[in-house]
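Below: one structure, written as structure tokens.
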Number of protein chains: 2
Amino acid sequence: MKKIDLDKLAKTLGVSKTLVSLVLNGKGDRYGISKKTQNEVLKKAQEMNYKPNLIARGLRTGKSNIIGLIVSDISNPFYAKISRSIEDSASKNGYNLIICSSEEDENKEKELIELLVRGQNADGIIVSSTQQKAVFFNELQAAGKSIVLIDRTIPLYEGNYVTVNNYGGAFELTEHLIKNGHRKIAMLTISPQFISSITQRVEGYKDALKKHGIVFNKNYLKEIPFNDISGSVNRDLKALLKGKQAVDALFVANNNLAVSCFETINNMRLKIPADIALTSFDDLDMFKFSDPPITAVAQPVQEIGEKAFGLLLNLMENKSGKKQGKSKEIKLPVELKIRKSCGNRAKMVKS
Amino acid sequence: MKKIDLDKLAKTLGVSKTLVSLVLNGKGDRYGISKKTQNEVLKKAQEMNYKPNLIARGLRTGKSNIIGLIVSDISNPFYAKISRSIEDSASKNGYNLIICSSEEDENKEKELIELLVRGQNADGIIVSSTQQKAVFFNELQAAGKSIVLIDRTIPLYEGNYVTVNNYGGAFELTEHLIKNGHRKIAMLTISPQFISSITQRVEGYKDALKKHGIVFNKNYLKEIPFNDISGSVNRDLKALLKGKQAVDALFVANNNLAVSCFETINNMRLKIPADIALTSFDDLDMFKFSDPPITAVAQPVQEIGEKAFGLLLNLMENKSGKKQGKSKEIKLPVELKIRKSCGNRAKMVKS
DNA sequence: GTGAAAGCGCTAACAG
DNA sequence: CTGTTAGCGCTTTCAC
């Protein structure tokens with residue numbers, strides 16, 4: 001475990017650092033270094049268990065082989081799974097991942113990015129951004145940084161991103177609710193509400209209502225603050241569920257919201273779907289086994305990670321090369337998993 | 001977003017790099033630099049949005065302000081939550097986190113650690129290790145690296161770690177099953193089975209059986225390979241559930257196993273707990289809402305992360321100082337969450 | 001075919 | 001009080 005550096009290795013071999021460096025970086029042939037010498041170097045490096053100091057290399061080359069990932073909360077299974085997927089792709093390509101949670105705080109996010117990009121010299125970043133404006137990212141890109149946005153995009157952002165079909169998924173889910181006889185459908189979103197994935201889901205929800213001649217009731221659209229999900233859901237849900245305006249179905253915008261709703265509904269001794277239908281955008285493994293199983297829109301987490309890293313790699317590799325092609329925007333399909341939490345109001349009313 | 005370095009900053013101010021560096025690192029007073037100069041430097045640095053290049057600093061100081069976290073799979077909620085907790089503590093102290101998944105592969109784990117420690121110059125690492133022997137870690141520590149093990153420990157490992165009371169939790173859980181009238185209790189573990197958290201859980205299970213005069217049946221102890229949970233659970237569970245040896249209760253060693261069991265049991269059209277009881281070590285939010293809710297041993301994830309980082313910080317700070325005190329071993333309590341998945345065989349048999 | 005030497009951006013003796 | 005200078009370990013140009 002002794003620290004052994006290029007210099008020591010070169011000295012033991014009786015050659016120069018240059019030679020060793022060249023060979024170890026696979027440039028031996030290009031520089032016409034004899035096979036024999038190359039083999040000796042390789043062998044000795046192995047033997048002495050030489051590991052290059054990536055920090056030093058990074059300082060010299062300007063490449064850190066680190067990529068940064070910024071999400072709102074790594075403990076959310078949605079992001080945890082995406083992280084894993086990115087990590088897999090990254091490590092196959094020799095990159096390490098620094099993961100940071102922004103807690104949906106615009107300023108914290110900016111600081112993290114600056115730290116990663118300028119401090120740690122990250123070669124690229126993947127971010128599920130909570131920024132409202134694109135300037136920050138556009139500037140970063142203009143300065144030559146490689147960036148891929150995931151999950152959400154930003155108005156006027158000019159760059160690569162991978163998102164999912166939020167509008168379509170929300171539309172389909174809402175329509176499913178309507179087809180099951182629900183009319184008073186409330187939607188719970190998460191703040192900040194301006195993020196694109198949320199606005200698109202809200203659009204899908206509204207358009208589905210409209211298509212079926214249901215007028216949108218703004219009291220049925222509640223924004224739950226990211227930092228107080230449990231408390232707010234409890235409060236807002238109780239309000240939504242009482243009085244003659246009481247809703248008969250819930251469409252929540254993410255998995256945490258769904259879990260909290262479950263809690264509140266259980267505490268109120270209400271039954272899903274008899275008293276209230278519950279559906280979620282974003283699926284969890286356990287939604288299949290809950291009582292009742294939850295109808296949800298599943299997102300292709302694995303693929304989001306793979307595609308995002310693919311775009312980023314492409315960006316990083318062409319950086320010092322020719323002009324970038326125009327930016328790529330990948331929109332992945334989602335899948336509605338129909339389970340039991342919607343019931344069928346028509347039948348229920350009949351019986 | 002222009003790249004501005006110490007030199008530029010110093011030149012604009014008309015002073016030397018040293019001065020700027022000293023001031024920015026809070027050593028202005030110690031070196032008796034006038035308040036006035038200090039303020040000017042600080043102000044200009046802010047103004048020009050100077051961010052030190054951490055790579056360069058790292059090369060010079062030997063400190064990277066990066067800590068590595070290695071777990072088997074970051075997408076497992078148990079590890080995802082611990083990660084988040086570590087990240088929070090780390091960022092409060094100016095450290096960034098590189099997270100890697102080892103996939104329970106001993107060699108991959110070693111490589112990741114070498115990469116982190118020698119390549120990225122990580123100041124410390126926290127690992128949920130899959131090593132069988134402690135040599136690797138003991139060597140690393142002897143070489144002056146800061147290490148904290150979490151979740152699992154290793155025989156003959158001499159260093160800090162934080163684990164939970166696996167034995168006690170497993171004992172209590174098994175006893176609960178027995179008290180509810182179960183006798184044929186199978187345990188599903190995950191490979192590699194030698195990891196301490198698993199062996200301790202198995203011990204707790206066996207001792208609880210013994211205490212209640214139930215002889216341990218080795219056919220009731222199944223090891224599920226980490227890489228093929230779903231397939232193996234399906235196969236093994238079917239075997240366990242048929243014939244006159246059929247088990248009446250299941251104690252699974254982690255959350256993934258529990259989810260897979262749920263799947264198989266559902267597919268077999270069996271009822272929990274009437275046909276089979278299901279309990280898990282490690283709790284998931286959704287276990288409260290499954291059909292039926294799952295009795296599980298909850299682990300203090302938040303605290304594991306906090307304590308682990310605390311130990312690591314302590315280690316890193318005292319590194320260049322005086323001799324370390326003797327290593328600290330923190331064992332956190334777990335909590336048995338009794339829910340409905342155990343039923344009560346006595347009553348059931350009676351009725 | 002191979003080596004000497006410069007330099008990435010920063011810190012910290014040491015000098016004055 | 002402030003500046004000069006020598007590296008940290010690596011890559012890479014240029015010279016031989």
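Labeling convention for the structure tokens: chains A, B, ... as they appear, residues from 1 per chain, ligands from 1 in order of appearance.
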Exercise for the section: Please provide the set of residues having any atom within 9 Å of stretch 209-212 of chain A, restricted to only C-alpha atoms (C1' of nucleotides), with same-chain residues fewer than 2 positions apart removed, written as number ranges by chain. Expected result: A: 171, 174-175, 178, 183, 185, 204-207, 214-216
Export, as an mmCIF file, in the first residue's frame, the selected residues with N, CA and C atoms.
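Output contents, as saved in selection_37.cif:
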```cif
data_model
loop_
_atom_site.group_PDB
_atom_site.id
_atom_site.type_symbol
_atom_site.label_atom_id
_atom_site.label_comp_id
_atom_site.auth_asym_id
_atom_site.auth_seq_id
_atom_site.Cartn_x
_atom_site.Cartn_y
_atom_site.Cartn_z
ATOM 1 N N PHE A 171 -52.313 12.901 -18.953
ATOM 2 C CA PHE A 171 -53.579 12.897 -19.695
ATOM 3 C C PHE A 171 -54.232 11.518 -19.604
ATOM 4 N N THR A 174 -55.489 10.703 -16.078
ATOM 5 C CA THR A 174 -56.706 11.444 -15.743
ATOM 6 C C THR A 174 -57.906 10.864 -16.496
ATOM 7 N N GLU A 175 -57.666 10.567 -17.745
ATOM 8 C CA GLU A 175 -58.748 10.015 -18.555
ATOM 9 C C GLU A 175 -59.207 8.665 -17.994
ATOM 10 N N ILE A 178 -61.471 9.344 -15.229
ATOM 11 C CA ILE A 178 -62.776 9.791 -15.717
ATOM 12 C C ILE A 178 -63.587 8.613 -16.242
ATOM 13 N N ARG A 183 -65.423 12.305 -11.331
ATOM 14 C CA ARG A 183 -65.628 13.639 -11.883
ATOM 15 C C ARG A 183 -64.876 14.688 -11.068
ATOM 16 N N ILE A 185 -61.974 15.334 -9.538
ATOM 17 C CA ILE A 185 -60.607 14.834 -9.450
ATOM 18 C C ILE A 185 -59.649 15.933 -9.001
ATOM 19 N N GLY A 204 -51.663 18.073 -18.789
ATOM 20 C CA GLY A 204 -52.276 16.807 -19.186
ATOM 21 C C GLY A 204 -53.566 16.575 -18.418
ATOM 22 N N TYR A 205 -53.496 16.871 -17.155
ATOM 23 C CA TYR A 205 -54.663 16.726 -16.276
ATOM 24 C C TYR A 205 -55.798 17.634 -16.737
ATOM 25 N N LYS A 206 -55.466 18.897 -16.970
ATOM 26 C CA LYS A 206 -56.495 19.865 -17.377
ATOM 27 C C LYS A 206 -57.112 19.502 -18.723
ATOM 28 N N ASP A 207 -56.251 19.125 -19.665
ATOM 29 C CA ASP A 207 -56.764 18.816 -20.995
ATOM 30 C C ASP A 207 -57.653 17.579 -21.000
ATOM 31 N N ILE A 214 -65.378 18.321 -18.313
ATOM 32 C CA ILE A 214 -65.383 18.635 -16.892
ATOM 33 C C ILE A 214 -64.669 19.959 -16.694
ATOM 34 N N VAL A 215 -65.307 20.905 -16.021
ATOM 35 C CA VAL A 215 -64.616 22.181 -15.868
ATOM 36 C C VAL A 215 -63.582 22.093 -14.748
ATOM 37 N N PHE A 216 -62.464 22.693 -15.047
ATOM 38 C CA PHE A 216 -61.353 22.680 -14.095
ATOM 39 C C PHE A 216 -61.701 23.540 -12.885
#
```
Write out chain A, as a compact mmCIF listing (two decimals) with C-alpha atoms, in the first residue's frame, after superposing it onto chain B by least squares using every C-alpha atom paired in order.
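Output file superposed02.txt follows:
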```txt
# COMPACT_ATOMS: atom_id res chain seq x y z
CA MET A 1 -18.40 32.51 -16.20
CA LYS A 2 -14.86 33.30 -17.33
CA LYS A 3 -12.29 31.23 -15.62
CA ILE A 4 -10.49 33.40 -13.16
CA ASP A 5 -7.55 32.12 -11.17
CA LEU A 6 -5.49 33.25 -8.23
CA ASP A 7 -2.94 34.85 -10.46
CA LYS A 8 -5.44 36.98 -12.36
CA LEU A 9 -7.07 38.01 -9.16
CA ALA A 10 -3.72 38.97 -7.62
CA LYS A 11 -2.70 40.93 -10.70
CA THR A 12 -5.93 42.89 -10.81
CA LEU A 13 -5.39 43.76 -7.20
CA GLY A 14 -1.76 44.55 -7.73
CA VAL A 15 -0.60 42.20 -5.01
CA SER A 16 1.00 38.77 -4.92
CA LYS A 17 -0.68 35.41 -5.13
CA THR A 18 0.62 34.61 -1.69
CA LEU A 19 -1.21 37.49 -0.15
CA VAL A 20 -4.47 36.62 -1.83
CA SER A 21 -4.19 32.98 -0.94
CA LEU A 22 -3.46 33.79 2.68
CA VAL A 23 -6.37 36.14 3.01
CA LEU A 24 -8.82 33.85 1.27
CA ASN A 25 -7.85 31.00 3.53
CA GLY A 26 -8.45 33.07 6.62
CA LYS A 27 -4.81 33.32 7.52
CA GLY A 28 -4.65 37.05 7.01
CA ASP A 29 -4.56 37.93 10.67
CA ARG A 30 -2.04 35.31 11.57
CA TYR A 31 0.32 36.76 9.01
CA GLY A 32 -0.47 40.29 10.11
CA ILE A 33 -1.97 41.47 6.86
CA SER A 34 -3.73 44.79 7.30
CA LYS A 35 -7.48 44.75 7.65
CA LYS A 36 -7.74 47.15 4.79
CA THR A 37 -5.84 44.94 2.38
CA GLN A 38 -7.80 41.94 3.52
CA ASN A 39 -11.09 43.62 2.85
CA GLU A 40 -10.03 44.70 -0.59
CA VAL A 41 -9.00 41.17 -1.45
CA LEU A 42 -12.18 39.66 -0.13
CA LYS A 43 -14.28 42.19 -1.96
CA LYS A 44 -12.52 41.73 -5.26
CA ALA A 45 -12.65 37.96 -5.02
CA GLN A 46 -16.37 38.17 -4.50
CA GLU A 47 -16.73 40.64 -7.31
CA MET A 48 -14.82 38.59 -9.81
CA ASN A 49 -16.59 35.50 -8.56
CA TYR A 50 -13.33 33.73 -7.86
CA LYS A 51 -13.60 30.03 -7.10
CA PRO A 52 -10.44 28.17 -6.17
CA ASN A 53 -9.52 25.19 -8.28
CA LEU A 54 -9.91 22.37 -5.82
CA ILE A 55 -7.89 20.04 -7.98
CA ALA A 56 -4.87 22.26 -7.79
CA ARG A 57 -5.34 22.82 -4.13
CA GLY A 58 -5.73 19.12 -3.61
CA LEU A 59 -2.53 18.37 -5.43
CA ARG A 60 -0.68 20.81 -3.25
CA THR A 61 -2.23 20.00 0.10
CA GLY A 62 -2.96 16.34 -0.33
CA LYS A 63 -6.56 17.02 0.68
CA SER A 64 -9.32 16.57 -1.85
CA ASN A 65 -12.33 17.27 0.33
CA ILE A 66 -13.92 14.30 -1.29
CA ILE A 67 -15.15 11.35 0.64
CA GLY A 68 -16.09 8.08 -0.95
CA LEU A 69 -19.09 5.96 -0.12
CA ILE A 70 -19.26 2.39 -1.29
CA VAL A 71 -22.40 0.34 -0.92
CA SER A 72 -23.66 -2.68 -2.75
CA ASP A 73 -26.40 -0.81 -4.56
CA ILE A 74 -27.29 2.84 -4.27
CA SER A 75 -30.76 2.22 -5.66
CA ASN A 76 -31.67 0.16 -2.60
CA PRO A 77 -33.70 2.56 -0.41
CA PHE A 78 -31.77 1.49 2.65
CA TYR A 79 -28.51 2.70 1.16
CA ALA A 80 -30.10 5.63 -0.65
CA LYS A 81 -31.31 6.99 2.67
CA ILE A 82 -27.99 6.46 4.37
CA SER A 83 -26.31 8.23 1.45
CA ARG A 84 -28.55 11.20 1.80
CA SER A 85 -27.80 11.40 5.48
CA ILE A 86 -24.06 11.21 4.89
CA GLU A 87 -24.30 13.76 2.11
CA ASP A 88 -26.03 16.20 4.43
CA SER A 89 -23.41 15.87 7.12
CA ALA A 90 -20.59 15.97 4.61
CA SER A 91 -21.74 19.07 2.81
CA LYS A 92 -22.12 20.88 6.12
CA ASN A 93 -18.45 20.23 6.62
CA GLY A 94 -17.31 21.12 3.15
CA TYR A 95 -16.98 17.63 1.78
CA ASN A 96 -18.34 16.17 -1.43
CA LEU A 97 -19.46 12.61 -1.76
CA ILE A 98 -18.57 10.15 -4.48
CA ILE A 99 -20.96 7.23 -4.35
CA CYS A 100 -20.16 3.86 -5.87
CA SER A 101 -22.07 0.59 -6.06
CA SER A 102 -19.99 -2.54 -5.56
CA GLU A 103 -22.72 -5.02 -6.52
CA GLU A 104 -21.50 -7.23 -3.68
CA ASP A 105 -18.41 -7.97 -5.69
CA GLU A 106 -15.35 -8.17 -3.50
CA ASN A 107 -12.96 -7.30 -6.30
CA LYS A 108 -15.01 -4.49 -7.67
CA GLU A 109 -15.15 -3.10 -4.17
CA LYS A 110 -11.39 -3.21 -3.82
CA GLU A 111 -10.91 -1.52 -7.15
CA LEU A 112 -13.36 1.21 -6.28
CA ILE A 113 -11.59 1.86 -3.02
CA GLU A 114 -8.20 2.03 -4.65
CA LEU A 115 -9.57 4.36 -7.26
CA LEU A 116 -11.09 6.59 -4.63
CA VAL A 117 -8.26 6.56 -2.18
CA ARG A 118 -5.28 6.64 -4.44
CA GLY A 119 -6.73 7.99 -7.62
CA GLN A 120 -9.11 10.64 -6.43
CA ASN A 121 -7.19 11.12 -3.23
CA ALA A 122 -10.37 10.81 -1.22
CA ASP A 123 -9.79 12.06 2.31
CA GLY A 124 -11.82 9.25 3.73
CA ILE A 125 -14.18 6.46 2.84
CA ILE A 126 -17.29 4.96 4.28
CA VAL A 127 -18.04 1.47 3.14
CA SER A 128 -20.60 -1.22 3.55
CA SER A 129 -18.09 -3.89 2.78
CA THR A 130 -18.42 -7.23 1.16
CA GLN A 131 -14.87 -8.30 2.02
CA GLN A 132 -14.37 -11.50 3.87
CA LYS A 133 -11.02 -10.60 5.34
CA ALA A 134 -9.94 -7.46 7.07
CA VAL A 135 -6.37 -7.28 5.75
CA PHE A 136 -7.24 -4.88 2.98
CA PHE A 137 -8.77 -2.37 5.35
CA ASN A 138 -6.15 -2.80 8.01
CA GLU A 139 -3.45 -2.10 5.46
CA LEU A 140 -5.28 0.92 4.17
CA GLN A 141 -5.50 2.25 7.69
CA ALA A 142 -1.90 1.50 8.40
CA ALA A 143 -1.14 3.60 5.34
CA GLY A 144 -2.92 6.46 7.01
CA LYS A 145 -6.29 6.36 5.29
CA SER A 146 -9.46 7.23 7.15
CA ILE A 147 -12.06 4.52 6.99
CA VAL A 148 -15.39 3.86 8.59
CA LEU A 149 -17.33 0.69 7.98
CA ILE A 150 -21.10 0.77 8.09
CA ASP A 151 -23.83 -1.81 8.21
CA ARG A 152 -21.37 -4.68 8.35
CA THR A 153 -18.11 -5.36 10.03
CA ILE A 154 -15.34 -7.84 9.33
CA PRO A 155 -13.56 -10.30 11.62
CA LEU A 156 -10.23 -8.93 12.82
CA TYR A 157 -10.95 -5.48 11.42
CA GLU A 158 -9.35 -2.92 13.64
CA GLY A 159 -11.07 0.35 13.15
CA ASN A 160 -14.19 2.39 13.46
CA TYR A 161 -17.58 1.23 12.41
CA VAL A 162 -21.27 1.74 12.92
CA THR A 163 -23.68 -1.12 12.72
CA VAL A 164 -27.08 -1.94 14.15
CA ASN A 165 -28.23 -4.56 16.59
CA ASN A 166 -28.78 -7.24 13.99
CA TYR A 167 -28.80 -10.08 16.44
CA GLY A 168 -31.30 -8.47 18.78
CA GLY A 169 -33.62 -7.37 16.00
CA ALA A 170 -33.65 -10.79 14.42
CA PHE A 171 -34.16 -12.47 17.75
CA GLU A 172 -37.07 -10.23 18.63
CA LEU A 173 -38.66 -10.63 15.23
CA THR A 174 -38.38 -14.41 15.31
CA GLU A 175 -39.72 -14.55 18.82
CA HIS A 176 -42.65 -12.43 17.75
CA LEU A 177 -43.40 -14.95 15.05
CA ILE A 178 -43.20 -17.80 17.53
CA LYS A 179 -45.45 -16.03 19.98
CA ASN A 180 -47.98 -15.75 17.22
CA GLY A 181 -48.05 -19.49 16.94
CA HIS A 182 -45.62 -20.04 14.10
CA ARG A 183 -43.31 -23.02 14.30
CA LYS A 184 -42.10 -23.69 10.81
CA ILE A 185 -40.25 -20.48 10.21
CA ALA A 186 -38.04 -20.19 7.17
CA MET A 187 -35.35 -17.57 6.78
CA LEU A 188 -34.25 -16.13 3.44
CA THR A 189 -30.84 -14.51 3.43
CA ILE A 190 -28.93 -12.78 0.73
CA SER A 191 -25.54 -13.76 -0.60
CA PRO A 192 -22.75 -13.42 0.20
CA GLN A 193 -23.95 -14.98 3.40
CA PHE A 194 -20.75 -14.36 5.32
CA ILE A 195 -21.36 -10.65 5.74
CA SER A 196 -21.76 -9.86 9.38
CA SER A 197 -25.20 -8.32 9.24
CA ILE A 198 -26.50 -11.52 7.72
CA THR A 199 -24.70 -13.94 10.03
CA GLN A 200 -25.86 -11.96 13.04
CA ARG A 201 -29.43 -12.02 11.83
CA VAL A 202 -29.17 -15.75 11.30
CA GLU A 203 -27.81 -16.15 14.83
CA GLY A 204 -30.68 -14.17 16.26
CA TYR A 205 -33.10 -16.31 14.34
CA LYS A 206 -31.52 -19.56 15.49
CA ASP A 207 -31.26 -18.52 19.11
CA ALA A 208 -34.88 -17.47 19.24
CA LEU A 209 -35.90 -20.84 17.86
CA LYS A 210 -33.73 -22.57 20.42
CA LYS A 211 -35.08 -20.57 23.30
CA HIS A 212 -38.53 -21.75 22.39
CA GLY A 213 -37.53 -25.33 21.89
CA ILE A 214 -37.84 -25.37 18.14
CA VAL A 215 -35.11 -27.30 16.39
CA PHE A 216 -33.39 -25.49 13.60
CA ASN A 217 -34.13 -27.07 10.23
CA LYS A 218 -31.40 -26.24 7.77
CA ASN A 219 -33.73 -26.73 4.84
CA TYR A 220 -35.56 -23.71 6.14
CA LEU A 221 -32.55 -21.46 5.69
CA LYS A 222 -32.13 -20.34 2.08
CA GLU A 223 -29.47 -18.12 0.62
CA ILE A 224 -30.67 -16.00 -2.27
CA PRO A 225 -28.00 -14.75 -4.65
CA PHE A 226 -27.72 -10.97 -4.81
CA ASN A 227 -27.81 -11.05 -8.59
CA ASP A 228 -30.90 -13.14 -9.04
CA ILE A 229 -33.26 -12.24 -6.28
CA SER A 230 -36.49 -12.44 -8.17
CA GLY A 231 -35.83 -15.76 -9.89
CA SER A 232 -34.38 -17.48 -6.84
CA VAL A 233 -37.03 -16.30 -4.46
CA ASN A 234 -39.65 -17.57 -6.82
CA ARG A 235 -38.01 -20.98 -7.02
CA ASP A 236 -37.06 -21.40 -3.38
CA LEU A 237 -40.27 -20.06 -2.00
CA LYS A 238 -42.36 -22.43 -4.05
CA ALA A 239 -40.34 -25.31 -2.69
CA LEU A 240 -40.69 -24.08 0.88
CA LEU A 241 -44.40 -23.70 0.56
CA LYS A 242 -45.34 -27.13 -0.61
CA GLY A 243 -45.45 -30.59 0.92
CA LYS A 244 -46.03 -31.52 4.50
CA GLN A 245 -42.83 -29.76 5.47
CA ALA A 246 -44.41 -26.52 4.23
CA VAL A 247 -43.40 -23.52 6.28
CA ASP A 248 -45.92 -21.21 7.86
CA ALA A 249 -43.77 -18.11 8.29
CA LEU A 250 -41.02 -16.25 6.49
CA PHE A 251 -38.29 -14.06 7.88
CA VAL A 252 -36.40 -12.35 5.09
CA ALA A 253 -33.10 -10.57 5.54
CA ASN A 254 -33.70 -7.41 3.55
CA ASN A 255 -36.23 -5.22 1.80
CA ASN A 256 -35.63 -6.52 -1.73
CA LEU A 257 -36.25 -10.03 -0.57
CA ALA A 258 -39.51 -8.95 1.03
CA VAL A 259 -40.73 -7.36 -2.18
CA SER A 260 -39.88 -10.45 -4.16
CA CYS A 261 -41.59 -12.72 -1.66
CA PHE A 262 -44.67 -10.59 -1.90
CA GLU A 263 -44.64 -11.07 -5.62
CA THR A 264 -44.28 -14.81 -5.47
CA ILE A 265 -46.85 -15.24 -2.74
CA ASN A 266 -49.34 -13.17 -4.71
CA ASN A 267 -48.67 -15.13 -7.84
CA MET A 268 -49.31 -18.35 -5.96
CA ARG A 269 -52.63 -16.90 -4.84
CA LEU A 270 -51.67 -17.45 -1.25
CA LYS A 271 -52.82 -15.17 1.55
CA ILE A 272 -50.64 -13.39 4.08
CA PRO A 273 -50.80 -14.19 6.95
CA ALA A 274 -53.43 -16.95 6.68
CA ASP A 275 -51.32 -19.15 4.43
CA ILE A 276 -47.94 -17.72 5.21
CA ALA A 277 -46.60 -15.00 7.50
CA LEU A 278 -44.08 -12.56 6.03
CA THR A 279 -41.65 -10.46 8.01
CA SER A 280 -38.62 -8.45 7.02
CA PHE A 281 -35.42 -7.10 8.45
CA ASP A 282 -35.27 -3.52 7.16
CA ASP A 283 -38.41 -1.51 6.74
CA LEU A 284 -39.79 0.38 3.75
CA ASP A 285 -42.24 3.29 3.91
CA MET A 286 -44.75 1.34 1.90
CA PHE A 287 -44.68 -1.70 4.20
CA LYS A 288 -47.18 0.20 6.32
CA PHE A 289 -49.66 0.21 3.49
CA SER A 290 -49.25 -3.16 1.87
CA ASP A 291 -51.90 -5.82 1.97
CA PRO A 292 -51.38 -6.75 4.71
CA PRO A 293 -48.95 -4.31 6.32
CA ILE A 294 -45.61 -6.00 6.87
CA THR A 295 -44.07 -6.54 10.26
CA ALA A 296 -40.48 -5.40 9.95
CA VAL A 297 -37.38 -4.40 11.83
CA ALA A 298 -36.70 -0.72 11.13
CA GLN A 299 -33.14 0.52 11.05
CA PRO A 300 -32.06 4.04 12.03
CA VAL A 301 -30.80 5.02 8.57
CA GLN A 302 -30.48 8.70 9.30
CA GLU A 303 -28.43 8.05 12.38
CA ILE A 304 -26.21 5.48 10.70
CA GLY A 305 -25.19 8.14 8.20
CA GLU A 306 -24.67 10.84 10.78
CA LYS A 307 -22.63 8.72 13.14
CA ALA A 308 -20.54 7.29 10.33
CA PHE A 309 -19.67 10.70 9.03
CA GLY A 310 -18.97 11.89 12.55
CA LEU A 311 -16.48 9.11 13.13
CA LEU A 312 -14.89 9.70 9.76
CA LEU A 313 -14.54 13.42 10.33
CA ASN A 314 -12.91 12.76 13.64
CA LEU A 315 -10.51 10.36 11.99
CA MET A 316 -9.66 12.76 9.18
CA GLU A 317 -9.09 15.67 11.49
CA ASN A 318 -6.78 13.82 13.83
CA LYS A 319 -4.90 12.24 11.00
CA SER A 320 -1.96 14.55 10.91
CA GLY A 321 -2.21 15.19 14.59
CA LYS A 322 -1.52 13.01 17.56
CA LYS A 323 -2.00 9.30 17.78
CA GLN A 324 -5.52 8.02 17.31
CA GLY A 325 -7.43 6.90 20.32
CA LYS A 326 -8.65 3.36 20.15
CA SER A 327 -11.25 2.64 17.53
CA LYS A 328 -14.89 3.37 18.11
CA GLU A 329 -17.57 0.85 17.52
CA ILE A 330 -21.09 2.14 17.45
CA LYS A 331 -23.99 -0.27 17.55
CA LEU A 332 -27.34 1.37 17.02
CA PRO A 333 -30.67 -0.02 18.24
CA VAL A 334 -33.33 -1.20 15.83
CA GLU A 335 -37.08 -1.13 16.24
CA LEU A 336 -39.57 -3.89 15.63
CA LYS A 337 -42.62 -2.55 13.85
CA ILE A 338 -45.42 -4.94 14.54
CA ARG A 339 -48.02 -4.93 11.81
CA LYS A 340 -50.44 -7.44 10.40
CA SER A 341 -48.37 -9.83 8.37
CA CYS A 342 -47.84 -12.35 11.16
CA GLY A 343 -51.41 -13.13 11.99
CA ASN A 344 -51.95 -15.30 15.01
CA ARG A 345 -51.77 -18.95 14.20
CA ALA A 346 -53.15 -20.03 17.56
CA LYS A 347 -56.37 -18.16 16.99
CA MET A 348 -56.45 -19.14 13.39
CA VAL A 349 -56.09 -22.80 14.24
CA LYS A 350 -58.72 -22.57 16.92
CA SER A 351 -61.33 -20.96 14.74
```
Could you build a table of the residues in chain D lying no more than 10 Å from chain B, giving for each the nearest pair of atoms and their separation in Å rounded to one decimal place, using only C-alpha atoms (C1' of nucleotides), ordered by chain and ascending residue number, as a Markdown table?
```
| residue | atom | partner | partner_atom | distance |
| --- | --- | --- | --- | --- |
| D:DC1 | C1' | B:Ile33 | CA | 5.7 |
| D:DT2 | C1' | B:Leu19 | CA | 7.0 |
| D:DG3 | C1' | B:Ser16 | CA | 6.1 |
| D:DT4 | C1' | B:Ser16 | CA | 9.4 |
| D:DG7 | C1' | B:Arg60 | CA | 8.3 |
| D:DC8 | C1' | B:Arg60 | CA | 4.4 |
| D:DG9 | C1' | B:Leu59 | CA | 7.8 |
```
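Put simply, atom C1' of C:DA12 is 28.2 Å away from atom C1' of D:DT12.
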Exercise for the section: Give the helix (DSSP H, G or I) residues of stretch 99-171 of chain B, as DSSP finds them on the backbone, and put them as a ChimeraX atom specification. Expected result: /B:106-119,135-142,166-171
Go ahead and write the selection's residues with C-alpha atoms as a JSON list (two decimals), in the first residue's frame.
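Saved result, out07.json, follows:
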```json
[["chain", "number", "residue", "atom", "x", "y", "z"],
["B", 106, "GLU", "CA", -15.35, -8.18, -3.50],
["B", 107, "ASN", "CA", -12.96, -7.32, -6.30],
["B", 108, "LYS", "CA", -15.01, -4.50, -7.67],
["B", 109, "GLU", "CA", -15.14, -3.10, -4.16],
["B", 110, "LYS", "CA", -11.39, -3.22, -3.83],
["B", 111, "GLU", "CA", -10.91, -1.54, -7.16],
["B", 112, "LEU", "CA", -13.35, 1.19, -6.29],
["B", 113, "ILE", "CA", -11.58, 1.85, -3.04],
["B", 114, "GLU", "CA", -8.18, 2.01, -4.68],
["B", 115, "LEU", "CA", -9.56, 4.33, -7.28],
["B", 116, "LEU", "CA", -11.07, 6.58, -4.67],
["B", 117, "VAL", "CA", -8.24, 6.54, -2.23],
["B", 118, "ARG", "CA", -5.26, 6.62, -4.52],
["B", 119, "GLY", "CA", -6.73, 7.95, -7.69],
["B", 135, "VAL", "CA", -6.37, -7.28, 5.72],
["B", 136, "PHE", "CA", -7.24, -4.89, 2.97],
["B", 137, "PHE", "CA", -8.75, -2.37, 5.33],
["B", 138, "ASN", "CA", -6.13, -2.80, 7.99],
["B", 139, "GLU", "CA", -3.44, -2.11, 5.42],
["B", 140, "LEU", "CA", -5.27, 0.91, 4.15],
["B", 141, "GLN", "CA", -5.49, 2.25, 7.67],
["B", 142, "ALA", "CA", -1.88, 1.49, 8.37],
["B", 166, "ASN", "CA", -28.79, -7.20, 14.00],
["B", 167, "TYR", "CA", -28.79, -10.05, 16.45],
["B", 168, "GLY", "CA", -31.30, -8.44, 18.78],
["B", 169, "GLY", "CA", -33.62, -7.33, 16.02],
["B", 170, "ALA", "CA", -33.64, -10.76, 14.41],
["B", 171, "PHE", "CA", -34.17, -12.44, 17.76]]
```
